[in-house]
Amino acid sequence: MIAPKDNYLLIGKLIGTFGNKGELKLFSAWTVDIEIFIGKELCVHLPNNIDKEVVLKSARRHKNVFLVNLDPYCNIESAKELIGGDVYTNDKYLSRENGEIYFSDIDGFECCLESGKIFGRLVGFKEVPQYDLFVIERKDGSQIDIPNIPEFVKTIERINRKIIFFSNRIKDYYED
């Protein structure tokens, strides 16, 4: 299993050990609990570009991280080998309803007008009661928020890594 491919999603980064029984601290890139991956095969992509296949044995929330046990790295010495690694899951483990997308699917996509003009890059999202907002970094480094709703978003092209917006709806957000 090679980690950073189109069908793999980043779960988080292993930032250290916890206690002396082989638990690792996982700083999650997700807002949802990662317990849904217990018993599933994951990939740890280490800083030296080596991938390690692991199985999530357990996960529990502790302050702002998850404490995880990864099989076969179940003791403190072997667990230390994984510190600094990015943890990925295959998106086949996630159920998606009605074309649902995850931010990690589109992070870094170019943001374009219908004409093809690029006006920024997707760098985040915000949840508000009515809908989600795309956080877009403009070419000058400033950030703007645009609603992720059909009236603003024409299409998301995963293959081309672009989000195309209706020009007439977002004219106040970009410069000519």
# chains A, B, ... in the order shown; residues from 1 in each chain; ligands from 1
>>> residues_around(residues="stretch 126-132 of chain A", least_positions_apart="4", cutoff="9 Å", atoms="only C-alpha atoms", output="list in words")
Asp145, Ile146, Pro147, Asn148 and Ile149 of chain A
>>> residues_around(residues="stretch 17-26 of chain A", least_positions_apart="2", cutoff="6 Å", atoms="only C-alpha atoms", output="list in words")
Lys13, Leu14, Ile15, Ser28, Val65, Phe66, Leu67, Val68, Asn69, Cys74, Asn75, Ile76 and Ala79 of chain A
>>> closest_residue(among="A:Phe119, A:Lys80, A:Ile11, A:Gly16", to="A:Leu56", atoms="only C-alpha atoms")
A:Ile11
>>> select_by_dssp(residues="chain A", states="strand (DSSP E or B)", output="ChimeraX atom specification")
/A:8-18,23-28,41-45,51-62,65-71,73,86-90,110-113,118-127,132-138,143-147,153-157,162-165
>>> residues_around(residues="stretch 34-42 of chain A", least_positions_apart="5", cutoff="7 Å", atoms="only C-alpha atoms", output="count of residues only")
10
>>> closest_residue(among="A:Asn64, A:Ser115, A:Gln143, A:Asn49", to="A:Phe166", atoms="only C-alpha atoms")
A:Ser115
>>> atom_distance(atom1="atom CA of A:Asn90", atom2="atom CA of A:Ile156")
20.8 Å
>>> closest_residue(among="A:Leu122, A:Leu9, A:Ser142, A:Pro150", to="A:Lys162", atoms="only C-alpha atoms")
A:Leu122
>>> residues_around(residues="A:His45", least_positions_apart="5", cutoff="8 Å", atoms="only C-alpha atoms", output="PyMOL selection string")
chain A and resi 3+50-52+85-88
>>> write_last_selection(atoms="N, CA and C atoms", output="short mmCIF file (atom, residue, chain, number, x, y, z; two decimals), in the first residue's frame")
data_model
loop_
_atom_site.label_atom_id
_atom_site.label_comp_id
_atom_site.auth_asym_id
_atom_site.auth_seq_id
_atom_site.Cartn_x
_atom_site.Cartn_y
_atom_site.Cartn_z
N ALA A 3 1.05 5.26 0.25
CA ALA A 3 0.17 6.24 0.89
C ALA A 3 -0.41 7.32 -0.02
N ILE A 50 9.34 5.82 3.50
CA ILE A 50 9.02 4.40 3.67
C ILE A 50 7.59 4.29 4.18
N ASP A 51 6.84 3.36 3.62
CA ASP A 51 5.47 3.12 4.04
C ASP A 51 5.41 1.88 4.91
N LYS A 52 4.67 1.97 6.01
CA LYS A 52 4.48 0.83 6.92
C LYS A 52 2.99 0.51 6.98
N GLY A 85 5.37 10.10 11.29
CA GLY A 85 4.71 9.57 10.11
C GLY A 85 3.30 10.11 9.92
N ASP A 86 2.90 10.22 8.67
CA ASP A 86 1.53 10.60 8.31
C ASP A 86 0.72 9.32 8.15
N VAL A 87 -0.47 9.31 8.74
CA VAL A 87 -1.33 8.12 8.71
C VAL A 87 -2.42 8.31 7.67
N TYR A 88 -2.54 7.34 6.76
CA TYR A 88 -3.52 7.38 5.68
C TYR A 88 -4.46 6.20 5.78
#
